[in-house]
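Reproduced below: work-v1.csv, with CSV, C-alpha atoms.
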chain,number,residue,atom,x,y,z
A,16,MET,CA,6.5,5.2,-18.5
A,17,ARG,CA,5.2,2.3,-20.6
A,18,ALA,CA,7.6,-0.2,-19.0
A,19,GLU,CA,6.4,0.6,-15.5
A,20,TYR,CA,4.1,-2.4,-14.8
A,21,LEU,CA,6.7,-4.8,-16.3
A,22,LEU,CA,9.5,-3.2,-14.2
A,23,LEU,CA,7.3,-3.6,-11.1
A,24,LEU,CA,7.0,-7.4,-11.8
A,25,ALA,CA,10.7,-7.6,-12.6
A,26,ALA,CA,11.4,-6.0,-9.2
A,27,CYS,CA,9.2,-8.8,-7.6
A,28,LEU,CA,11.4,-11.4,-9.2
A,29,VAL,CA,14.7,-9.7,-8.1
A,30,ILE,CA,13.5,-9.2,-4.5
A,31,THR,CA,12.4,-12.9,-4.1
A,32,LEU,CA,15.5,-14.4,-5.8
A,33,PRO,CA,17.4,-14.7,-2.4
A,34,LEU,CA,14.5,-17.0,-1.2
A,35,GLU,CA,15.7,-19.5,-3.8
A,36,PHE,CA,19.4,-19.2,-3.4
A,37,VAL,CA,19.9,-18.1,0.3
A,38,LEU,CA,16.9,-19.7,2.0
A,39,GLY,CA,17.0,-22.8,-0.2
A,40,ALA,CA,13.4,-22.6,-1.5
A,41,ARG,CA,14.2,-24.9,-4.5
A,42,VAL,CA,11.3,-23.6,-6.6
A,43,TYR,CA,13.2,-22.6,-9.8
A,44,ARG,CA,15.2,-25.8,-9.5
A,45,ARG,CA,12.0,-27.9,-9.8
A,46,PRO,CA,10.8,-26.6,-13.2
A,47,ARG,CA,8.5,-29.5,-13.9
A,48,ARG,CA,6.6,-29.2,-10.6
A,49,LEU,CA,6.7,-25.4,-10.9
A,50,THR,CA,5.0,-25.7,-14.3
A,51,LEU,CA,2.4,-28.1,-13.0
A,52,ALA,CA,1.6,-25.7,-10.2
A,53,VAL,CA,1.5,-22.4,-12.2
A,54,LEU,CA,0.0,-23.4,-15.5
A,55,PRO,CA,-3.5,-24.6,-14.4
A,56,VAL,CA,-4.0,-21.6,-12.1
A,57,LEU,CA,-2.7,-19.3,-14.9
A,58,VAL,CA,-5.3,-20.7,-17.3
A,59,VAL,CA,-8.2,-20.1,-14.9
A,60,PHE,CA,-7.1,-16.6,-13.9
A,61,TYR,CA,-6.4,-15.6,-17.5
A,62,LEU,CA,-10.0,-16.5,-18.3
A,63,TRP,CA,-11.3,-14.6,-15.2
A,64,ASP,CA,-9.3,-11.6,-16.3
A,65,ALA,CA,-10.4,-11.8,-19.9
A,66,ILE,CA,-14.1,-11.9,-18.8
A,67,ALA,CA,-13.5,-9.1,-16.3
A,68,ILE,CA,-11.9,-6.9,-19.0
A,69,ALA,CA,-14.8,-7.8,-21.5
A,70,ARG,CA,-17.4,-6.8,-18.9
A,71,GLY,CA,-15.6,-3.6,-18.0
A,72,HIS,CA,-14.6,-4.5,-14.5
A,73,TRP,CA,-11.2,-2.8,-15.0
A,74,ASP,CA,-8.9,-1.5,-17.6
A,75,TYR,CA,-5.2,-0.5,-17.9
A,76,HIS,CA,-3.6,2.9,-18.3
A,77,PRO,CA,-2.3,3.0,-21.9
A,78,GLY,CA,0.6,5.3,-21.0
A,79,ARG,CA,1.8,3.1,-18.2
A,80,THR,CA,1.7,-0.4,-19.9
A,81,SER,CA,3.7,-1.8,-22.8
A,82,GLY,CA,0.8,-1.7,-25.3
A,83,VAL,CA,1.4,-5.4,-26.2
A,84,ILE,CA,-2.1,-6.8,-26.2
A,85,LEU,CA,-2.8,-10.6,-26.0
A,86,PRO,CA,-6.0,-12.6,-26.8
A,87,GLY,CA,-8.9,-11.4,-24.5
A,88,ALA,CA,-7.8,-7.8,-24.9
A,89,MET,CA,-5.3,-8.5,-22.1
A,90,PRO,CA,-2.1,-6.6,-21.7
A,91,LEU,CA,1.1,-8.7,-21.8
A,92,GLU,CA,1.7,-7.5,-18.2
A,93,GLU,CA,-1.3,-9.5,-16.9
A,94,LEU,CA,0.0,-12.7,-18.3
A,95,ALA,CA,3.4,-11.9,-16.6
A,96,PHE,CA,1.5,-11.1,-13.4
A,97,PHE,CA,-0.1,-14.6,-13.4
A,98,ILE,CA,3.4,-16.1,-13.6
A,99,VAL,CA,5.4,-13.8,-11.4
A,100,ILE,CA,3.0,-13.5,-8.4
A,101,PRO,CA,2.4,-17.2,-8.0
A,102,LEU,CA,6.1,-17.8,-8.3
A,103,CYS,CA,6.8,-15.3,-5.6
A,104,GLY,CA,4.1,-17.0,-3.5
A,105,LEU,CA,5.7,-20.4,-3.9
A,106,LEU,CA,9.2,-19.0,-3.1
A,107,THR,CA,7.8,-17.4,0.1
A,108,TYR,CA,5.9,-20.6,1.1
A,109,GLU,CA,9.0,-22.8,0.6
A,110,ALA,CA,11.4,-20.3,2.3
A,111,VAL,CA,9.1,-20.1,5.3
A,112,GLY,CA,8.9,-23.9,5.5
A,113,ASN,CA,12.7,-24.1,5.6
A,114,VAL,CA,13.0,-21.4,8.2
A,115,LEU,CA,10.5,-23.1,10.4
A,116,ARG,CA,12.1,-26.5,10.0
A,117,ASN,CA,15.5,-25.2,10.7
A,118,SER,CA,14.4,-23.4,13.9
A,119,ARG,CA,12.5,-26.6,15.1
A,120,ALA,CA,15.6,-28.7,14.4
A,121,ARG,CA,17.8,-26.2,16.4
A,122,ARG,CA,15.4,-26.3,19.3
A,123,THR,CA,15.3,-30.1,19.3
A,124,ARG,CA,19.1,-30.2,19.2
A,125,ALA,CA,19.4,-27.6,22.0
A,126,ARG,CA,17.0,-29.7,24.1
A,127,ALA,CA,18.9,-32.9,23.5
A,128,VAL,CA,22.2,-31.2,24.5
A,129,GLY,CA,20.4,-29.7,27.6
A,130,GLU,CA,19.2,-33.2,28.6
A,131,ARG,CA,22.6,-34.7,28.2
A,132,HIS,CA,24.1,-32.1,30.6
A,133,ALA,CA,21.3,-32.4,33.1
B,23,MET,CA,-23.7,-7.1,-5.2
B,24,PRO,CA,-21.1,-5.8,-7.7
B,25,GLU,CA,-19.7,-8.3,-10.2
B,26,TYR,CA,-16.1,-8.2,-9.1
B,27,THR,CA,-17.2,-8.7,-5.5
B,28,ILE,CA,-19.2,-11.7,-6.5
B,29,ALA,CA,-16.3,-13.1,-8.6
B,30,THR,CA,-13.9,-12.7,-5.7
B,31,LEU,CA,-16.2,-14.4,-3.2
B,32,VAL,CA,-16.8,-17.3,-5.6
B,33,ALA,CA,-13.1,-17.7,-6.2
B,34,VAL,CA,-12.3,-17.8,-2.5
B,35,VAL,CA,-15.0,-20.4,-1.9
B,36,VAL,CA,-14.0,-22.5,-4.9
B,37,VAL,CA,-10.3,-22.6,-3.7
B,38,VAL,CA,-11.3,-23.5,-0.2
B,39,VAL,CA,-13.7,-26.3,-1.4
B,40,VAL,CA,-11.1,-27.7,-3.8
B,41,GLU,CA,-8.6,-27.9,-0.9
B,42,LEU,CA,-11.0,-29.4,1.6
B,43,ARG,CA,-12.9,-31.8,-0.7
B,44,TRP,CA,-10.4,-32.8,-3.3
B,45,ALA,CA,-6.8,-31.8,-2.9
B,46,ARG,CA,-6.6,-32.3,0.9
B,47,THR,CA,-3.0,-31.1,1.1
B,48,GLY,CA,-3.6,-30.0,4.7
B,49,ILE,CA,-2.0,-26.5,4.2
B,50,PHE,CA,-4.8,-24.7,6.1
B,51,ALA,CA,-3.6,-26.5,9.3
B,52,THR,CA,0.0,-25.4,8.9
B,53,ALA,CA,1.9,-22.4,10.3
B,54,GLN,CA,4.0,-22.5,7.2
B,55,TYR,CA,1.0,-21.6,5.0
B,56,TRP,CA,-0.5,-18.9,7.2
B,57,LEU,CA,2.9,-17.2,7.8
B,58,ALA,CA,3.7,-17.3,4.1
B,59,MET,CA,0.3,-15.7,3.3
B,60,ALA,CA,0.9,-13.0,5.9
B,61,ILE,CA,4.1,-12.1,4.1
B,62,VAL,CA,2.4,-12.3,0.7
B,63,PHE,CA,-0.3,-9.9,1.8
B,64,ALA,CA,2.2,-7.5,3.2
B,65,PHE,CA,3.9,-7.4,-0.2
B,66,GLN,CA,0.6,-7.3,-2.0
B,67,VAL,CA,-0.1,-4.0,-0.3
B,68,ILE,CA,3.1,-2.6,-1.8
B,69,VAL,CA,2.7,-4.0,-5.4
B,70,ASP,CA,-1.1,-3.5,-5.5
B,71,GLY,CA,-0.8,-0.1,-3.9
B,72,TRP,CA,1.6,0.8,-6.7
B,73,LEU,CA,-0.8,-0.5,-9.4
B,74,THR,CA,-3.8,1.4,-8.0
B,75,ARG,CA,-2.0,4.6,-6.9
B,76,LEU,CA,-3.7,7.9,-7.9
B,77,PRO,CA,-3.6,9.9,-10.0
B,78,ASP,CA,-3.4,7.9,-13.2
B,79,ALA,CA,-3.5,4.4,-11.7
B,80,ILE,CA,-2.1,1.6,-13.8
B,81,VAL,CA,-5.1,-0.6,-13.2
B,82,ARG,CA,-8.4,1.3,-13.2
B,83,TYR,CA,-11.5,-0.2,-11.7
B,84,ALA,CA,-15.0,0.6,-12.8
B,85,PRO,CA,-16.9,2.0,-9.8
B,86,GLN,CA,-20.1,0.1,-10.5
B,87,HIS,CA,-18.3,-3.3,-10.5
B,88,PHE,CA,-16.8,-3.3,-7.0
B,89,LEU,CA,-17.9,-2.3,-3.5
B,90,GLY,CA,-16.1,1.0,-3.6
B,91,VAL,CA,-14.2,0.2,-0.4
B,92,ARG,CA,-10.5,0.9,-1.0
B,93,PHE,CA,-8.3,-0.2,1.9
B,94,PRO,CA,-5.4,0.0,2.6
B,95,LEU,CA,-4.1,2.8,0.3
B,96,ASN,CA,-6.2,2.9,-2.8
B,97,ILE,CA,-6.6,-0.9,-3.2
B,98,PRO,CA,-10.1,-2.3,-3.7
B,99,VAL,CA,-10.7,-4.8,-0.9
B,100,GLU,CA,-11.8,-7.4,-3.5
B,101,ASP,CA,-8.1,-7.6,-4.6
B,102,PHE,CA,-7.2,-9.3,-1.4
B,103,GLY,CA,-9.7,-12.1,-2.2
B,104,PHE,CA,-8.2,-12.3,-5.7
B,105,GLY,CA,-4.7,-12.5,-4.3
B,106,PHE,CA,-5.7,-15.1,-1.7
B,107,ALA,CA,-7.3,-17.3,-4.4
B,108,LEU,CA,-4.4,-16.9,-6.8
B,109,VAL,CA,-1.6,-17.7,-4.4
B,110,THR,CA,-3.5,-20.4,-2.4
B,111,ALA,CA,-4.6,-22.2,-5.6
B,112,THR,CA,-0.9,-22.2,-6.7
B,113,ILE,CA,0.3,-23.6,-3.4
B,114,ILE,CA,-2.3,-26.3,-3.5
B,115,ALA,CA,-1.3,-27.2,-7.0
B,116,TRP,CA,2.3,-27.2,-5.9
B,117,LYS,CA,1.5,-29.7,-3.1
B,118,VAL,CA,-0.5,-31.9,-5.4
B,119,ALA,CA,2.3,-31.9,-8.0
B,120,GLU,CA,4.7,-33.0,-5.2
B,121,ARG,CA,2.8,-36.3,-5.0
B,122,ARG,CA,3.5,-36.9,-8.6
B,123,GLU,CA,7.2,-36.1,-8.5
B,124,PRO,CA,9.5,-38.9,-9.3
B,125,VAL,CA,11.4,-39.9,-6.1
B,126,SER,CA,14.8,-38.3,-6.3

Could I get this file's structure written as structure tokens?
Amino acid sequence: MRAEYLLLLAACLVITLPLEFVLGARVYRRPRRLTLAVLPVLVVFYLWDAIAIARGHWDYHPGRTSGVILPGAMPLEELAFFIVIPLCGLLTYEAVGNVLRNSRARRTRARAVGERHA
Amino acid sequence: MPEYTIATLVAVVVVVVVELRWARTGIFATAQYWLAMAIVFAFQVIVDGWLTRLPDAIVRYAPQHFLGVRFPLNIPVEDFGFGFALVTATIIAWKVAERREPVS
């Protein structure tokens, strides 16, 4: 199926969406900062990928990719990969941060309550 | 050493040096970063495992350009260096960008 790789990346976005809206990651809601984080890394990894393709390090199954080819002989999917995966990484990082902060705050509160009752 | 192996090692070293010498976000000293990376790696095994699953993998690696060690599943070990560099660089850039955010 030619949409397979794109669907896999779409699934990554769907699965990580609750990190933004349930765990309060606030990554999508900071678009300027998100762009500043993703864009420079994307440029470097796009270049790496283009060089790796040119040198024959890897290639892509024509029947399982869209067939849309970007500069550097790169499938559209690879560009999408360099946006989606870093985005999922940031959502994970921010969500973990919130969970850790919340559990620390709960522990501090519990200790304060315990001391008051001691 | 195969080229993809070298490229991966260089990428990991560059990211670590950028953090320690220039960005100094301090992420390597936080549980938040290492926990997030553990989760990212777990999901990398699923996604990367899908991309490299035989027969007819979506991404096909030239045997002469990587070590030939595929673990876990059919994933070239180099991919984990690639993933580490990609996600860590993004988190560093995210922290650096935070300093430049207008105070809201």

Check: Residues at most 12 Å from range 83-96 of chain A, counting all atoms listed in the file, excluding those fewer than 6 positions away in the same chain, as a PyMOL selection string?
Finding: (chain A and resi 17-28+53-54+56-71+73-77+102-104) or (chain B and resi 69-70+73+80-81+105+108-109)

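Checking A:Arg79, A:Arg45, A:Arg131, A:Arg122 one by one against Glu123 in chain B, counting all atoms listed in the file, you find the shortest gap at A:Arg45.
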
- Item | Interatomic distance, CA of Phe102 in chain B to CA of Gly48 in chain B (Å, one decimal) |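 Separating CA of Phe102 in chain B from CA of Gly48 in chain B is a distance of 21.9 Å.
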
Output as JSON lines one row per residue of chain B within 7 Å of chain A: the closest atom pair and its distance in Å to one decimal place, counting all atoms listed in the file, sorted by chain and residue number ascending.
{"residue": "B:Tyr26", "atom": "CA", "partner": "A:His72", "partner_atom": "CA", "distance": 6.7}
{"residue": "B:Gln54", "atom": "CA", "partner": "A:Gly112", "partner_atom": "CA", "distance": 5.4}
{"residue": "B:Tyr55", "atom": "CA", "partner": "A:Tyr108", "partner_atom": "CA", "distance": 6.3}
{"residue": "B:Ala58", "atom": "CA", "partner": "A:Tyr108", "partner_atom": "CA", "distance": 5.0}
{"residue": "B:Val62", "atom": "CA", "partner": "A:Gly104", "partner_atom": "CA", "distance": 6.5}
{"residue": "B:Ala79", "atom": "CA", "partner": "A:His76", "partner_atom": "CA", "distance": 6.8}
{"residue": "B:Ile80", "atom": "CA", "partner": "A:His76", "partner_atom": "CA", "distance": 4.9}
{"residue": "B:Val81", "atom": "CA", "partner": "A:Tyr75", "partner_atom": "CA", "distance": 4.7}
{"residue": "B:Arg82", "atom": "CA", "partner": "A:Asp74", "partner_atom": "CA", "distance": 5.2}
{"residue": "B:Tyr83", "atom": "CA", "partner": "A:Trp73", "partner_atom": "CA", "distance": 4.2}
{"residue": "B:Ala84", "atom": "CA", "partner": "A:His72", "partner_atom": "CA", "distance": 5.4}
{"residue": "B:His87", "atom": "CA", "partner": "A:His72", "partner_atom": "CA", "distance": 5.6}
{"residue": "B:Leu108", "atom": "CA", "partner": "A:Pro101", "partner_atom": "CA", "distance": 6.9}
{"residue": "B:Val109", "atom": "CA", "partner": "A:Pro101", "partner_atom": "CA", "distance": 5.4}
{"residue": "B:Ala111", "atom": "CA", "partner": "A:Val56", "partner_atom": "CA", "distance": 6.6}
{"residue": "B:Thr112", "atom": "CA", "partner": "A:Ala52", "partner_atom": "CA", "distance": 5.5}
{"residue": "B:Ile113", "atom": "CA", "partner": "A:Leu105", "partner_atom": "CA", "distance": 6.3}
{"residue": "B:Ala115", "atom": "CA", "partner": "A:Ala52", "partner_atom": "CA", "distance": 4.6}
{"residue": "B:Trp116", "atom": "CA", "partner": "A:Ala52", "partner_atom": "CA", "distance": 4.6}
{"residue": "B:Ala119", "atom": "CA", "partner": "A:Arg48", "partner_atom": "CA", "distance": 5.7}
{"residue": "B:Glu120", "atom": "CA", "partner": "A:Arg48", "partner_atom": "CA", "distance": 6.9}

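For the pair CA of Thr52 in chain B and CA of Ala33 in chain B, the interatomic distance is 21.4 Å.
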
For the point (1.0, 5.3, -3.2) in file coordinates, what residues are within 9 Å, counting all atoms listed in the file? Give the answer as a PDB file with C-alpha atoms, keeping the file's coordinate frame?
ATOM      1  CA  ILE B  68       3.100  -2.600  -1.800  1.00  0.00           C
ATOM      2  CA  GLY B  71      -0.800  -0.100  -3.900  1.00  0.00           C
ATOM      3  CA  TRP B  72       1.600   0.800  -6.700  1.00  0.00           C
ATOM      4  CA  LEU B  73      -0.800  -0.500  -9.400  1.00  0.00           C
ATOM      5  CA  THR B  74      -3.800   1.400  -8.000  1.00  0.00           C
ATOM      6  CA  ARG B  75      -2.000   4.600  -6.900  1.00  0.00           C
ATOM      7  CA  LEU B  76      -3.700   7.900  -7.900  1.00  0.00           C
ATOM      8  CA  LEU B  95      -4.100   2.800   0.300  1.00  0.00           C
ATOM      9  CA  ASN B  96      -6.200   2.900  -2.800  1.00  0.00           C
TER      10      ASN B  96
END

Quote the spacing between CA of Val99 in chain B and CA of Ile49 in chain B in Å to one decimal place.
->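 These two atoms are separated by 23.9 Å.
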
Cut-off 6 Å around (-12.8, -9.3, -7.0) with only C-alpha atoms: residues as a compact mmCIF listing (two decimals) with C-alpha atoms, in the frame of the given file:
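Okay, this is what ended up in point-v7.txt:
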# COMPACT_ATOMS: atom_id res chain seq x y z
CA TYR B 26 -16.10 -8.20 -9.10
CA THR B 27 -17.20 -8.70 -5.50
CA ALA B 29 -16.30 -13.10 -8.60
CA THR B 30 -13.90 -12.70 -5.70
CA GLU B 100 -11.80 -7.40 -3.50
CA ASP B 101 -8.10 -7.60 -4.60
CA PHE B 104 -8.20 -12.30 -5.70

For Glu25 in chain B, which residue out of B:Ala45, B:Ile114, B:Leu89, B:Ile97 is the nearest one, using all atoms listed in the file?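 Of B:Ala45, B:Ile114, B:Leu89, B:Ile97, the one nearest Glu25 in chain B, counting all atoms listed in the file, is B:Leu89.
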
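Candidate residues A:Asn117, A:Ile98, A:Ser81, A:Arg126 were compared for distance to Leu38 in chain A, and the nearest is A:Asn117, using all atoms listed in the file.
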
One residue among B:Arg43, B:Lys117, B:Arg92, B:Arg122 is nearest to Val67 in chain B when using only C-alpha atoms, and that residue is B:Arg92

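Candidate residues B:Asp78, B:Gly103, B:Pro124, B:Gln86 were compared for distance to Met16 in chain A, and the nearest is B:Asp78, using all atoms listed in the file.
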
Taking the block above, write range 92-122 of chain B with N, CA and C atoms as a short mmCIF file (atom, residue, chain, number, x, y, z; two decimals), in the first residue's frame.
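Written file, decode.cif:
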data_model
loop_
_atom_site.label_atom_id
_atom_site.label_comp_id
_atom_site.auth_asym_id
_atom_site.auth_seq_id
_atom_site.Cartn_x
_atom_site.Cartn_y
_atom_site.Cartn_z
N ARG B 92 21.28 -6.16 13.55
CA ARG B 92 19.90 -5.72 13.58
C ARG B 92 19.28 -6.18 14.90
N PHE B 93 19.01 -5.23 15.78
CA PHE B 93 18.42 -5.55 17.09
C PHE B 93 17.77 -4.32 17.68
N PRO B 94 16.60 -4.44 18.28
CA PRO B 94 15.71 -5.62 18.27
C PRO B 94 14.96 -5.70 16.94
N LEU B 95 14.18 -6.74 16.76
CA LEU B 95 13.47 -7.00 15.50
C LEU B 95 14.47 -6.95 14.35
N ASN B 96 14.13 -6.18 13.31
CA ASN B 96 15.04 -6.12 12.16
C ASN B 96 15.67 -4.73 12.04
N ILE B 97 15.75 -4.03 13.18
CA ILE B 97 16.21 -2.64 13.18
C ILE B 97 17.74 -2.56 13.25
N PRO B 98 18.38 -1.88 12.28
CA PRO B 98 19.84 -1.68 12.40
C PRO B 98 20.14 -0.89 13.68
N VAL B 99 21.11 -1.33 14.47
CA VAL B 99 21.38 -0.66 15.75
C VAL B 99 21.71 0.82 15.55
N GLU B 100 22.28 1.14 14.39
CA GLU B 100 22.62 2.55 14.12
C GLU B 100 21.40 3.46 14.24
N ASP B 101 20.22 2.92 13.91
CA ASP B 101 19.00 3.74 13.94
C ASP B 101 18.75 4.35 15.32
N PHE B 102 19.21 3.67 16.37
CA PHE B 102 18.97 4.19 17.72
C PHE B 102 19.86 5.41 18.00
N GLY B 103 21.05 5.44 17.40
CA GLY B 103 21.88 6.64 17.48
C GLY B 103 21.24 7.78 16.71
N PHE B 104 20.72 7.44 15.53
CA PHE B 104 20.01 8.40 14.69
C PHE B 104 18.83 9.00 15.47
N GLY B 105 18.03 8.15 16.10
CA GLY B 105 16.86 8.59 16.85
C GLY B 105 17.26 9.43 18.06
N PHE B 106 18.31 8.99 18.77
CA PHE B 106 18.82 9.74 19.92
C PHE B 106 19.21 11.15 19.48
N ALA B 107 19.99 11.25 18.39
CA ALA B 107 20.46 12.55 17.91
C ALA B 107 19.29 13.42 17.48
N LEU B 108 18.34 12.85 16.75
CA LEU B 108 17.20 13.62 16.23
C LEU B 108 16.35 14.19 17.36
N VAL B 109 15.98 13.34 18.31
CA VAL B 109 15.06 13.79 19.37
C VAL B 109 15.80 14.67 20.39
N THR B 110 17.03 14.29 20.74
CA THR B 110 17.78 15.09 21.70
C THR B 110 18.07 16.49 21.15
N ALA B 111 18.47 16.56 19.87
CA ALA B 111 18.74 17.87 19.25
C ALA B 111 17.48 18.73 19.29
N THR B 112 16.33 18.12 19.05
CA THR B 112 15.08 18.87 19.05
C THR B 112 14.76 19.39 20.46
N ILE B 113 14.96 18.55 21.46
CA ILE B 113 14.67 18.98 22.84
C ILE B 113 15.62 20.11 23.25
N ILE B 114 16.90 20.00 22.85
CA ILE B 114 17.85 21.07 23.15
C ILE B 114 17.40 22.37 22.49
N ALA B 115 17.03 22.30 21.21
CA ALA B 115 16.57 23.50 20.49
C ALA B 115 15.31 24.07 21.13
N TRP B 116 14.45 23.19 21.60
CA TRP B 116 13.20 23.59 22.28
C TRP B 116 13.51 24.36 23.56
N LYS B 117 14.51 23.88 24.31
CA LYS B 117 14.91 24.56 25.55
C LYS B 117 15.60 25.90 25.24
N VAL B 118 16.41 25.92 24.20
CA VAL B 118 17.08 27.16 23.82
C VAL B 118 16.04 28.18 23.37
N ALA B 119 15.05 27.72 22.61
CA ALA B 119 14.00 28.62 22.13
C ALA B 119 13.18 29.18 23.30
N GLU B 120 13.10 28.42 24.38
CA GLU B 120 12.35 28.87 25.56
C GLU B 120 12.93 30.17 26.12
N ARG B 121 14.26 30.25 26.09
CA ARG B 121 14.92 31.45 26.61
C ARG B 121 14.55 32.69 25.81
N ARG B 122 14.21 32.46 24.53
CA ARG B 122 13.92 33.60 23.66
C ARG B 122 12.44 33.91 23.60
#
